Amino acid sequence: MDYLAELTLAIMAKQKSRSPSAGFATDFVSLALKPVLREVHRRGIRIVTNAGGITPSACAEALARLAREEGVPLRIGIVQGDDLMPFQDRLRNENTTEMFTGAPLPHDLASMNAYIGAFPIAAALDAGADIVVTGRCADSALALGPLIHEFGWGGSDFDLLAAGSIAGHLVECGTQATGGLFSDWHLVKNRENLGYPIAECRRDGTFMLSKPKGTGGLVTPLVAAEQLLYELGDPRNYLLPDVTCDISDAVITQRGSDLVEISGVRGRAPTDTYKVSAIYTEGYRASATLTIVGAQASEKAGATGDAILARCRNILRKTNLGAFTEECMERLGDETAMFGANSRQPDPREVVLRLAVRHPERKGIEVFAREIAPFGTAGTPGTTGFSGRPKAQEVFRLYSFLIRKDFVPIEVLVDGAPVPFANPDTGKAFEAVRAQTTHPAGLSSGDCVDVPLRSVAIARSGDKADISHLAVIARDKALLPVLVDQLTEERVASYFAHLVKGRVQRYDVPGVGALSFLLHEALGGGGSTSLRSDALGKAFAEILLDMEIKVPRHLMPVEKQPAVA
């Protein structure tokens with residue numbers, strides 16, 4: 001059961017600062033487990049969760065109280081040591097730097113946690129824990145730990161560890177693996193009752209992906225491929241605490257209705273470091289919306305937004321509060337915010353004006369908050385739908401760095417007793433594999449038809465900090481050369497020039513017939529730092545799928561070929 005994200009940990013850290021018994025996912029105990037605890041015990045179901053957040057020990061105490069109340073004997077395991085906040089001074093003295101920017105470690109930290117691996121979880125299960133509570137670990141470790149325990153996989157069983165990690169990667173985001181956000185959304189039935197994914201794993205590392213019978217959703221190779229590549233980065237060098245995964249030649253095979261098999265995942269030795277995510281505060285932000293209706297709605301929205309921001313700037317200057325550190329104006333409905341120069345909606349009659357700002361002080365945000373409402377009467381005709389006065393929110397910024405594994409004091413306890421544990425020493429050093437990029441084959445020079453990319457491919461996008469991950473999967477592997485030919489790094493960069501300020505990298509994934517892109521500096525800072533409406537890059541896939549590409553006529557299904565005039 002996965003509860004954590006970087007921002008979640010920052011919030012939990014603030015809760016702990018107010019009360020030592022807080023700082024974990026209380027919903028896990030009160031809402032998820034309490035109604036089913038007796039049945040879980042009766043069936044012998046064992047649970048692994050990162051609901052411990054900042055304080056796994058406090059979560060374990062709450063679990064113990066619940067077990068006593070329900071009369072259920074419960075052995076509780078804890079994995080802790082990922083919280084590195086006590087070592088701030090030492091890390092600064094060692095000149096810790098951010099892994100992307102080289103910036104020094106900030107002082108105003110809210111949280112700082114290492115992504116630890118699966119072997120401590122396996123150790124707690126080996127020691128008899130019914131429930132294992134961790135702090136921050138790799139999301140996939142929640143699945144890999146039980147597999148290590150069940151099958152006895154060792155630290156040098158890299159192919160097996162990689163396969164188990166990918167099983168965890170597929171199920172960690174829930175219904176996204178069973179049809180949620182699937183490109184062909186119209187094929188997904190009973191969406192109000194989507195079933196959660198089930199991974200049935202074998203000792204040899206292959207596994208089946210399915211969902212409960214009678215639930216909504218869809219499990220097919222294309223659905224699984226979208227989630228396989230989701231936020232994965234370099235498909236040959238997916239770095240995890242226990243293994244380096246290579247999914248470039250993975251194979252997904254339909255084995256039945258809503259049942260697929262995943263095989264061909266390979267692994268290599270991990271690095272000697274953990275990734276650490278720290279969160280620090282950097283001023284305040286707020287956003288607000290107005291709806292603009294009627295002729296020239298987009299122009300009216302732009303005029304209103306310009307006026308609001310200009311009025312705020314004037315007040316900030318007169319009151320010596322200083323300027324906004326960042327401003328964002330989006331006109332949602334004319335397609336300029338998401339599609340930029342690729343917009344096909346030049347004259348909409350409904351536009352949502354969205355304004356967002358950042359400022360070092362709360363008072364600066366309060367100026368913005370109170371100066372929007374007057375434009376309900378001072379703005380342009382057709383103005384309506386004011387979302388209400390926004391509140392100032394703290395800006396939490398992500399800071400990532402690497403740390404030696406031997407620096408992190410991992411501890412495993414079961415019922416309060418220490419469990420001997422050490423990360424396995426594989427004797428093998430990490431070695432990166434160079435990406436293999438196929439060069440364009442010049443397929444667009446013959447008899448071709450112009451079609452939207454979605455006619456021949458599906459796509460899925462997401463984020464890691466300020467990088468958007470974008471995977472494009474051919475509907476048929478025979479069409480992969482077309483994607484290679486048409487979706488060059490240069491063309492994708494040009495298409496997203498209005499959003500992407502950094503470089504674009506492309507990786508080939510021939511096993512599932514896909515290309516995976518990393519779009520750097522694409523999200524306005526990403527996460528809670530970004531002022532954009534799509535701060536997490538979720539819309540990038542849909543934007544790209546509308547790109548026009550040239551496809552050799554003989555490769556296009558007849559029903560998808562454009563009509564000849």
# chains A, B, ... in the order shown; residues from 1 in each chain; ligands from 1
$ residues_around --residues "Phe386 in chain A" --least-positions-apart "4" --cutoff "10 Å" --atoms "only C-alpha atoms" --output "VMD selection string"
chain A and resid 288 to 292 352 to 353 372 to 373 375 to 376
$ write_last_selection --atoms "C-alpha atoms" --output "PDB file, in the first residue's frame"
ATOM      1  CA  ALA A 288      -7.557  32.015  -9.399  1.00  0.00           C
ATOM      2  CA  THR A 289      -9.915  31.653 -12.351  1.00  0.00           C
ATOM      3  CA  LEU A 290     -12.555  33.683 -14.172  1.00  0.00           C
ATOM      4  CA  THR A 291     -14.770  32.473 -17.009  1.00  0.00           C
ATOM      5  CA  ILE A 292     -15.083  34.729 -20.058  1.00  0.00           C
ATOM      6  CA  VAL A 352     -11.323  30.175 -18.582  1.00  0.00           C
ATOM      7  CA  LEU A 353      -8.799  32.808 -17.546  1.00  0.00           C
ATOM      8  CA  ILE A 372      -9.341  39.781  -8.690  1.00  0.00           C
ATOM      9  CA  ALA A 373     -12.959  40.115  -7.531  1.00  0.00           C
ATOM     10  CA  PHE A 375     -12.873  42.715 -12.202  1.00  0.00           C
ATOM     11  CA  GLY A 376     -16.233  40.987 -12.005  1.00  0.00           C
TER      12      GLY A 376
END
$ residues_around --residues "Gly416 in chain A" --least-positions-apart "5" --cutoff "12 Å" --atoms "only C-alpha atoms" --output "VMD selection string"
chain A and resid 56 to 57 60 to 61 64 75 to 79 124 127 129 411
$ write_last_selection --atoms "N, CA, C and O atoms" --output "short mmCIF file (atom, residue, chain, number, x, y, z; two decimals), in the first residue's frame"
data_model
loop_
_atom_site.label_atom_id
_atom_site.label_comp_id
_atom_site.auth_asym_id
_atom_site.auth_seq_id
_atom_site.Cartn_x
_atom_site.Cartn_y
_atom_site.Cartn_z
N PRO A 56 7.59 6.04 11.21
CA PRO A 56 7.10 4.66 11.19
C PRO A 56 6.78 4.11 12.58
O PRO A 56 5.83 3.33 12.75
N SER A 57 7.55 4.54 13.59
CA SER A 57 7.31 4.04 14.95
C SER A 57 5.96 4.50 15.47
O SER A 57 5.24 3.74 16.15
N ALA A 60 3.35 2.40 13.88
CA ALA A 60 3.32 1.07 14.50
C ALA A 60 2.59 1.10 15.84
O ALA A 60 1.84 0.17 16.17
N GLU A 61 2.78 2.17 16.61
CA GLU A 61 2.06 2.28 17.89
C GLU A 61 0.56 2.38 17.67
O GLU A 61 -0.23 1.78 18.41
N ALA A 64 -0.68 -1.04 16.85
CA ALA A 64 -0.73 -1.89 18.04
C ALA A 64 -1.98 -1.59 18.87
O ALA A 64 -2.64 -2.51 19.39
N ARG A 75 1.85 -9.02 14.69
CA ARG A 75 3.29 -8.76 14.76
C ARG A 75 3.61 -7.64 13.78
O ARG A 75 3.32 -7.74 12.58
N ILE A 76 4.20 -6.58 14.28
CA ILE A 76 4.41 -5.37 13.48
C ILE A 76 5.89 -5.14 13.25
O ILE A 76 6.68 -5.07 14.19
N GLY A 77 6.26 -5.01 11.99
CA GLY A 77 7.63 -4.72 11.62
C GLY A 77 7.79 -3.26 11.21
O GLY A 77 6.87 -2.65 10.67
N ILE A 78 8.95 -2.71 11.47
CA ILE A 78 9.27 -1.32 11.12
C ILE A 78 10.58 -1.30 10.33
O ILE A 78 11.55 -1.97 10.72
N VAL A 79 10.60 -0.54 9.26
CA VAL A 79 11.84 -0.23 8.55
C VAL A 79 12.01 1.28 8.61
O VAL A 79 11.15 2.04 8.14
N ALA A 124 12.18 -8.02 7.54
CA ALA A 124 11.07 -7.94 8.50
C ALA A 124 10.08 -9.08 8.28
O ALA A 124 9.56 -9.67 9.24
N ALA A 127 11.38 -12.28 9.56
CA ALA A 127 11.33 -12.35 11.03
C ALA A 127 9.91 -12.54 11.55
O ALA A 127 9.70 -12.53 12.77
N ALA A 129 6.95 -10.69 10.65
CA ALA A 129 6.03 -9.56 10.73
C ALA A 129 4.77 -9.82 9.90
O ALA A 129 4.85 -10.29 8.77
N GLU A 411 17.34 0.66 9.86
CA GLU A 411 17.08 -0.19 11.03
C GLU A 411 15.79 -0.97 10.79
O GLU A 411 14.80 -0.42 10.30
#
$ closest_atom_pairs --of "range 236-319 of chain A" --to "range 173-192 of chain A" --cutoff "12 Å" --atoms "only C-alpha atoms" --output "CSV"
residue,atom,partner,partner_atom,distance
A:Asp258,CA,A:Thr178,CA,8.5
A:Leu259,CA,A:Thr178,CA,10.2
A:Val260,CA,A:Thr178,CA,11.0
$ select_by_dssp --residues "range 152-192 of chain A" --states "helix (DSSP H, G or I)" --output "PyMOL selection string"
chain A and resi 158-171+174-178+185-187+191-192
$ residues_around --residues "Gly155 in chain A" --least-positions-apart "2" --cutoff "10 Å" --atoms "only C-alpha atoms" --output "MDAnalysis selection string"
chainID A and resid 119 148 152:153 157:158 160:161 242:243 269:270 423:427
$ write_last_selection --atoms "all heavy atoms" --output "compact mmCIF listing (two decimals), in the first residue's frame"
# COMPACT_ATOMS: atom_id res chain seq x y z
N PHE A 119 15.31 -5.08 0.49
CA PHE A 119 15.85 -6.12 1.38
C PHE A 119 15.52 -5.90 2.85
O PHE A 119 15.30 -6.87 3.58
CB PHE A 119 17.36 -6.26 1.15
CG PHE A 119 17.68 -7.06 -0.08
CD1 PHE A 119 17.89 -6.44 -1.30
CD2 PHE A 119 17.71 -8.46 -0.04
CE1 PHE A 119 18.17 -7.17 -2.45
CE2 PHE A 119 17.98 -9.20 -1.18
CZ PHE A 119 18.21 -8.56 -2.40
N ILE A 148 11.25 -11.14 -2.63
CA ILE A 148 12.54 -11.60 -2.09
C ILE A 148 12.30 -12.57 -0.95
O ILE A 148 12.94 -13.63 -0.85
CB ILE A 148 13.38 -10.40 -1.62
CG1 ILE A 148 13.81 -9.54 -2.82
CG2 ILE A 148 14.60 -10.86 -0.83
CD1 ILE A 148 14.44 -8.21 -2.42
N GLY A 152 13.22 -16.22 -2.02
CA GLY A 152 14.61 -16.32 -1.59
C GLY A 152 15.59 -15.73 -2.58
O GLY A 152 16.75 -16.15 -2.65
N TRP A 153 15.15 -14.75 -3.35
CA TRP A 153 16.06 -14.12 -4.31
C TRP A 153 17.21 -13.43 -3.56
O TRP A 153 17.01 -12.81 -2.51
CB TRP A 153 15.33 -13.09 -5.15
CG TRP A 153 14.30 -13.68 -6.08
CD1 TRP A 153 14.17 -14.99 -6.43
CD2 TRP A 153 13.26 -12.97 -6.76
NE1 TRP A 153 13.11 -15.15 -7.29
CE2 TRP A 153 12.54 -13.93 -7.52
CE3 TRP A 153 12.86 -11.64 -6.81
CZ2 TRP A 153 11.44 -13.58 -8.31
CZ3 TRP A 153 11.78 -11.28 -7.59
CH2 TRP A 153 11.08 -12.24 -8.34
N ASP A 157 20.85 -11.67 -7.90
CA ASP A 157 19.86 -12.19 -8.86
C ASP A 157 19.24 -11.02 -9.61
O ASP A 157 18.05 -10.71 -9.48
CB ASP A 157 18.78 -13.00 -8.13
CG ASP A 157 19.31 -14.28 -7.51
OD1 ASP A 157 20.24 -14.88 -8.10
OD2 ASP A 157 18.81 -14.68 -6.46
N PHE A 158 20.05 -10.37 -10.43
CA PHE A 158 19.65 -9.07 -10.97
C PHE A 158 18.44 -9.16 -11.89
O PHE A 158 17.56 -8.30 -11.85
CB PHE A 158 20.83 -8.43 -11.70
CG PHE A 158 22.01 -8.15 -10.82
CD1 PHE A 158 23.28 -8.56 -11.19
CD2 PHE A 158 21.87 -7.49 -9.61
CE1 PHE A 158 24.38 -8.31 -10.38
CE2 PHE A 158 22.94 -7.24 -8.79
CZ PHE A 158 24.21 -7.65 -9.18
N LEU A 160 16.00 -11.26 -11.78
CA LEU A 160 14.81 -11.50 -10.96
C LEU A 160 14.42 -10.25 -10.18
O LEU A 160 13.23 -9.90 -10.10
CB LEU A 160 15.07 -12.67 -10.00
CG LEU A 160 15.43 -14.01 -10.67
CD1 LEU A 160 15.77 -15.05 -9.61
CD2 LEU A 160 14.27 -14.50 -11.55
N LEU A 161 15.41 -9.58 -9.62
CA LEU A 161 15.13 -8.36 -8.87
C LEU A 161 14.54 -7.28 -9.78
O LEU A 161 13.64 -6.53 -9.39
CB LEU A 161 16.40 -7.83 -8.20
CG LEU A 161 17.02 -8.73 -7.12
CD1 LEU A 161 18.35 -8.15 -6.65
CD2 LEU A 161 16.07 -8.91 -5.94
N ASP A 242 18.04 -1.49 -5.37
CA ASP A 242 18.52 -2.87 -5.33
C ASP A 242 18.99 -3.39 -6.68
O ASP A 242 19.62 -4.45 -6.74
CB ASP A 242 17.41 -3.79 -4.82
CG ASP A 242 16.91 -3.38 -3.45
OD1 ASP A 242 17.75 -3.27 -2.53
OD2 ASP A 242 15.70 -3.14 -3.30
N VAL A 243 18.69 -2.68 -7.77
CA VAL A 243 18.99 -3.21 -9.09
C VAL A 243 18.86 -2.10 -10.13
O VAL A 243 18.15 -1.10 -9.90
CB VAL A 243 18.03 -4.38 -9.44
CG1 VAL A 243 16.60 -3.88 -9.58
CG2 VAL A 243 18.47 -5.15 -10.67
N ALA A 269 23.76 -4.72 -11.80
CA ALA A 269 24.10 -4.27 -10.45
C ALA A 269 23.60 -2.84 -10.22
O ALA A 269 23.60 -2.02 -11.14
CB ALA A 269 25.60 -4.33 -10.24
N PRO A 270 23.17 -2.55 -9.00
CA PRO A 270 22.73 -1.18 -8.68
C PRO A 270 23.92 -0.28 -8.45
O PRO A 270 25.07 -0.72 -8.41
CB PRO A 270 21.93 -1.37 -7.39
CG PRO A 270 22.62 -2.53 -6.71
CD PRO A 270 23.05 -3.45 -7.84
N ASN A 423 22.49 -4.66 3.71
CA ASN A 423 22.28 -4.73 2.27
C ASN A 423 23.26 -5.72 1.66
O ASN A 423 24.44 -5.73 2.04
CB ASN A 423 22.47 -3.35 1.62
CG ASN A 423 21.22 -2.52 1.67
OD1 ASN A 423 20.12 -3.00 1.43
ND2 ASN A 423 21.37 -1.23 2.01
N PRO A 424 22.81 -6.57 0.74
CA PRO A 424 23.72 -7.56 0.16
C PRO A 424 24.83 -6.90 -0.63
O PRO A 424 24.63 -5.90 -1.32
CB PRO A 424 22.80 -8.39 -0.76
CG PRO A 424 21.63 -7.50 -1.04
CD PRO A 424 21.45 -6.66 0.17
N ASP A 425 26.03 -7.47 -0.52
CA ASP A 425 27.17 -7.00 -1.30
C ASP A 425 27.32 -7.93 -2.50
O ASP A 425 27.71 -9.09 -2.38
CB ASP A 425 28.44 -7.03 -0.45
CG ASP A 425 29.65 -6.49 -1.20
OD1 ASP A 425 29.48 -6.05 -2.36
OD2 ASP A 425 30.75 -6.52 -0.63
N THR A 426 26.97 -7.42 -3.67
CA THR A 426 26.96 -8.27 -4.87
C THR A 426 28.35 -8.49 -5.44
O THR A 426 28.56 -9.40 -6.23
CB THR A 426 26.09 -7.62 -5.97
OG1 THR A 426 26.71 -6.41 -6.41
CG2 THR A 426 24.71 -7.31 -5.44
N GLY A 427 29.29 -7.64 -5.05
CA GLY A 427 30.63 -7.75 -5.61
C GLY A 427 30.74 -7.23 -7.03
O GLY A 427 31.79 -7.35 -7.67
$ select_by_dssp --residues "range 394-468 of chain A" --states "strand (DSSP E)" --output "ChimeraX atom specification"
/A:394-404,411-414,417-418,448-452,457-464,467-468
$ residues_around --residues "Leu194 in chain A" --least-positions-apart "2" --cutoff "6 Å" --atoms "only C-alpha atoms" --output "MDAnalysis selection string"
chainID A and resid 191 215:217
$ write_last_selection --atoms "all heavy atoms" --output "mmCIF file, in the first residue's frame"
data_model
loop_
_atom_site.group_PDB
_atom_site.id
_atom_site.type_symbol
_atom_site.label_atom_id
_atom_site.label_comp_id
_atom_site.auth_asym_id
_atom_site.auth_seq_id
_atom_site.Cartn_x
_atom_site.Cartn_y
_atom_site.Cartn_z
ATOM 1 N N ARG A 191 -16.182 2.544 -15.908
ATOM 2 C CA ARG A 191 -15.112 3.358 -15.324
ATOM 3 C C ARG A 191 -15.376 3.720 -13.860
ATOM 4 O O ARG A 191 -14.439 3.988 -13.093
ATOM 5 C CB ARG A 191 -14.931 4.631 -16.162
ATOM 6 C CG ARG A 191 -13.700 5.442 -15.805
ATOM 7 C CD ARG A 191 -13.548 6.650 -16.705
ATOM 8 N NE ARG A 191 -13.330 6.280 -18.086
ATOM 9 C CZ ARG A 191 -12.139 5.969 -18.589
ATOM 10 N NH1 ARG A 191 -11.077 5.967 -17.810
ATOM 11 N NH2 ARG A 191 -12.009 5.659 -19.857
ATOM 12 N N THR A 215 -15.026 -6.332 -12.239
ATOM 13 C CA THR A 215 -14.728 -4.911 -12.080
ATOM 14 C C THR A 215 -14.547 -4.265 -13.450
ATOM 15 O O THR A 215 -14.324 -4.933 -14.455
ATOM 16 C CB THR A 215 -13.454 -4.693 -11.254
ATOM 17 O OG1 THR A 215 -12.339 -5.309 -11.925
ATOM 18 C CG2 THR A 215 -13.593 -5.297 -9.870
ATOM 19 N N GLY A 216 -14.631 -2.954 -13.485
ATOM 20 C CA GLY A 216 -14.419 -2.227 -14.715
ATOM 21 C C GLY A 216 -12.942 -2.119 -15.048
ATOM 22 O O GLY A 216 -12.073 -2.481 -14.258
ATOM 23 N N GLY A 217 -12.692 -1.589 -16.258
ATOM 24 C CA GLY A 217 -11.314 -1.393 -16.665
ATOM 25 C C GLY A 217 -10.942 -2.247 -17.858
ATOM 26 O O GLY A 217 -11.787 -2.879 -18.501
#
$ atom_distance --atom1 "CA of Leu66 in chain A" --atom2 "CA of Gln15 in chain A"
21.1 Å
$ closest_residue --among "A:Arg532, A:Lys550, A:Arg46, A:Arg18" --to "Leu355 in chain A" --atoms "only C-alpha atoms"
A:Arg532
$ residues_around --residues "range 540-545 of chain A" --least-positions-apart "4" --cutoff "8 Å" --atoms "only C-alpha atoms" --output "PyMOL selection string"
chain A and resi 183+338-339+452-454+457-462+468+470-472+495
$ write_last_selection --atoms "C-alpha atoms" --output "PDB file, in the first residue's frame"
ATOM      1  CA  SER A 183      -5.184   6.716 -24.693  1.00  0.00           C
ATOM      2  CA  MET A 338      -1.273  23.662 -23.873  1.00  0.00           C
ATOM      3  CA  PHE A 339      -0.861  23.619 -27.672  1.00  0.00           C
ATOM      4  CA  PRO A 452      -2.631  12.395 -36.597  1.00  0.00           C
ATOM      5  CA  LEU A 453      -0.048  10.484 -34.548  1.00  0.00           C
ATOM      6  CA  ARG A 454      -2.875   8.898 -32.537  1.00  0.00           C
ATOM      7  CA  ALA A 457       0.297   5.218 -31.706  1.00  0.00           C
ATOM      8  CA  ILE A 458      -0.804   5.705 -28.113  1.00  0.00           C
ATOM      9  CA  ALA A 459       1.061   7.714 -25.477  1.00  0.00           C
ATOM     10  CA  ARG A 460       1.453   8.349 -21.736  1.00  0.00           C
ATOM     11  CA  SER A 461       3.183  11.220 -19.980  1.00  0.00           C
ATOM     12  CA  GLY A 462       4.132  12.179 -16.440  1.00  0.00           C
ATOM     13  CA  SER A 468       8.267  15.521 -18.424  1.00  0.00           C
ATOM     14  CA  LEU A 470       6.644  11.038 -22.548  1.00  0.00           C
ATOM     15  CA  ALA A 471       6.309   7.528 -23.975  1.00  0.00           C
ATOM     16  CA  VAL A 472       4.887   6.847 -27.454  1.00  0.00           C
ATOM     17  CA  TYR A 495       6.485  21.025 -31.357  1.00  0.00           C
TER      18      TYR A 495
END
$ closest_residue --among "A:Pro104, A:Ile473, A:Ala539, A:Leu109" --to "Pro86 in chain A" --atoms "only C-alpha atoms"
A:Leu109
